[in-house]
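Colleague: Let me begin by handing over the structure; questions about it come next.
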Amino acid sequence: MWGGRLGALLLGWGRRQAGAPGRRLLSSNAAAQAGISAPRCWKCGGPGGPERGDGFFCPQCRALQPPDPTRDYFSLMDCNRSFRIDTTKLQHRYQQLQRLVHPDFFSKRSQTEKDLAEKHSTLVNDAYKTLLAPLSRGLYLLKLHGIEISEGTDYKMDSQFLIGIMEINEKLEEAQNEAAIKEIESTVRAKQKEFTENVNRAFEQDDFEKAKEILTKMRYFSNVEEKIKLKKTPL
Ligand SMILES: [Zn+2]
């Protein structure tokens, strides 16, 4: 049973090694006491998996452990699972984690730990980026509640809103100078700020349908923001 669990936890690279340590783990008394749900350190076999210590290093041998697949971005970044987050705290946590798992710090360690550091680092970057921006944070939070917005435009959007977006896009295409672009940019930014406040309210009221509707609108405006960025970049 352990070999399978361990293999699944360690993903590809662990499969080659899962046989021998798996047998050792099975015969260990501690393993029997801890039950099958407690992950073990891949290196020393001690009870140092993600559920113990800081969740990153084995408290016994200090080997970097695989990322905990059950941990969501909010938990990883030490944030309450809500739309309103403290972005300063998020930034501090990001820096703290990067100091902990940045691959540069593992250059003298085994290949296994180097690979794990890469995995952790990618995960931390993704978590940080996702939670930092209101749109991706909102979409992620909805996803945790089992609601996903498809990439297409299948969500019934009111035509007045769509006409508004078309008009902004036309204005942007016609904008001849930086002042004109800046004006559109500030309009879009104000709109996103308003949407962000509304999404926050919707989440506070557990009104996920409302949150979904506003986040869909935010995505349209986010596309406009991308176009503004491109237009501002000299070719
Ligand atoms: Zn260990």
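Letters for chains follow the order of the structure tokens (A, B, ...), residue numbers begin at 1 for each chain, and ligand numbers begin at 1 in the order shown.
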Ligand 1: which residues are within 9 Å, counting only C-alpha atoms and all ligand atoms, as a list in words?
Modeller: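 So, counting only C-alpha atoms and all ligand atoms, the residues near ligand 1 are Arg40, Cys41, Trp42, Lys43, Cys44, Gly45, Gly46, Pro47, Gly48, Gly49, Phe57, Cys58, Pro59, Gln60, Cys61, Arg62, Ala63, Leu64 and Gln65 of chain A.
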Colleague: Let me make sure I understand: among A:Thr88, A:Ile149, A:Val124, A:Gly164, which one has the smallest atom-to-atom distance to Pro103 (chain A) if we use only C-alpha atoms?
Modeller: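 Answer, going by the shortest atom-to-atom distance: A:Val124.
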Colleague: Mind checking which residues fall within 10 Å of Phe83 (chain A), counting only C-alpha atoms, ignoring those fewer than 2 positions away in the same chain, and posting them as a PyMOL selection string?
Modeller: chain A and resi 79-81+85-86+131+134-135+137-142+196-197+199-204
Colleague: Let's have the selection written as a PDB file, in the first residue's frame, with C-alpha atoms.
Modeller:
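Heads up, here's the output in out_1.pdb:
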ATOM      1  CA  CYS A  79      -3.493  33.529   3.382  1.00  0.00           C
ATOM      2  CA  ASN A  80      -7.074  33.105   4.520  1.00  0.00           C
ATOM      3  CA  ARG A  81      -9.131  31.436   1.847  1.00  0.00           C
ATOM      4  CA  ILE A  85      -6.092  39.204   1.093  1.00  0.00           C
ATOM      5  CA  ASP A  86      -3.228  41.228   2.525  1.00  0.00           C
ATOM      6  CA  LEU A 131      -3.232  35.261  -5.649  1.00  0.00           C
ATOM      7  CA  PRO A 134      -7.650  40.115  -8.310  1.00  0.00           C
ATOM      8  CA  LEU A 135      -8.920  38.435 -11.502  1.00  0.00           C
ATOM      9  CA  ARG A 137      -7.393  35.181  -7.442  1.00  0.00           C
ATOM     10  CA  GLY A 138     -11.156  35.365  -7.932  1.00  0.00           C
ATOM     11  CA  LEU A 139     -11.129  32.687 -10.632  1.00  0.00           C
ATOM     12  CA  TYR A 140      -8.996  30.440  -8.442  1.00  0.00           C
ATOM     13  CA  LEU A 141     -11.288  30.948  -5.462  1.00  0.00           C
ATOM     14  CA  LEU A 142     -14.304  30.090  -7.613  1.00  0.00           C
ATOM     15  CA  THR A 196     -12.774  44.204  -7.730  1.00  0.00           C
ATOM     16  CA  GLU A 197     -14.813  45.819  -4.962  1.00  0.00           C
ATOM     17  CA  VAL A 199     -16.355  40.775  -6.506  1.00  0.00           C
ATOM     18  CA  ASN A 200     -15.157  41.189  -2.952  1.00  0.00           C
ATOM     19  CA  ARG A 201     -18.690  41.920  -1.802  1.00  0.00           C
ATOM     20  CA  ALA A 202     -20.069  38.957  -3.749  1.00  0.00           C
ATOM     21  CA  PHE A 203     -17.554  36.583  -2.143  1.00  0.00           C
ATOM     22  CA  GLU A 204     -18.276  38.008   1.296  1.00  0.00           C
TER      23      GLU A 204
END
Colleague: Looking at A:Asp158, A:Glu173, A:Glu167, A:Glu183, which one is nearest to Lys217 (chain A), with distances taken over only C-alpha atoms?
Modeller: A:Asp158
Colleague: Given only C-alpha atoms as the basis, pick out the residue of A:Thr122, A:Glu148, A:Lys129, A:Val188 nearest to Asn169 (chain A).
Modeller: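 Of A:Thr122, A:Glu148, A:Lys129, A:Val188, the one nearest Asn169 (chain A), counting only C-alpha atoms, is A:Val188.
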Colleague: Looking at only C-alpha atoms, which of A:Ser136, A:Ser150, A:Thr187, A:Thr233 is the one that sits closest to Ile168 (chain A)?
Modeller: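 Ranking A:Ser136, A:Ser150, A:Thr187, A:Thr233 by distance to Ile168 (chain A), first place goes to A:Thr187.
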Colleague: So, with only C-alpha atoms as the atoms that count, which of A:Glu225, A:Asp126, A:Asp72, A:Asp104 lies closest to Ser186 (chain A)?
Modeller: A:Glu225
Colleague: My list of candidates is A:Ala175, A:Leu90, A:Val101, A:Ile181. Which is closest to Lys119 (chain A) when distances are computed with only C-alpha atoms?
Modeller: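 Under the stated criterion, the closest residue is A:Val101.
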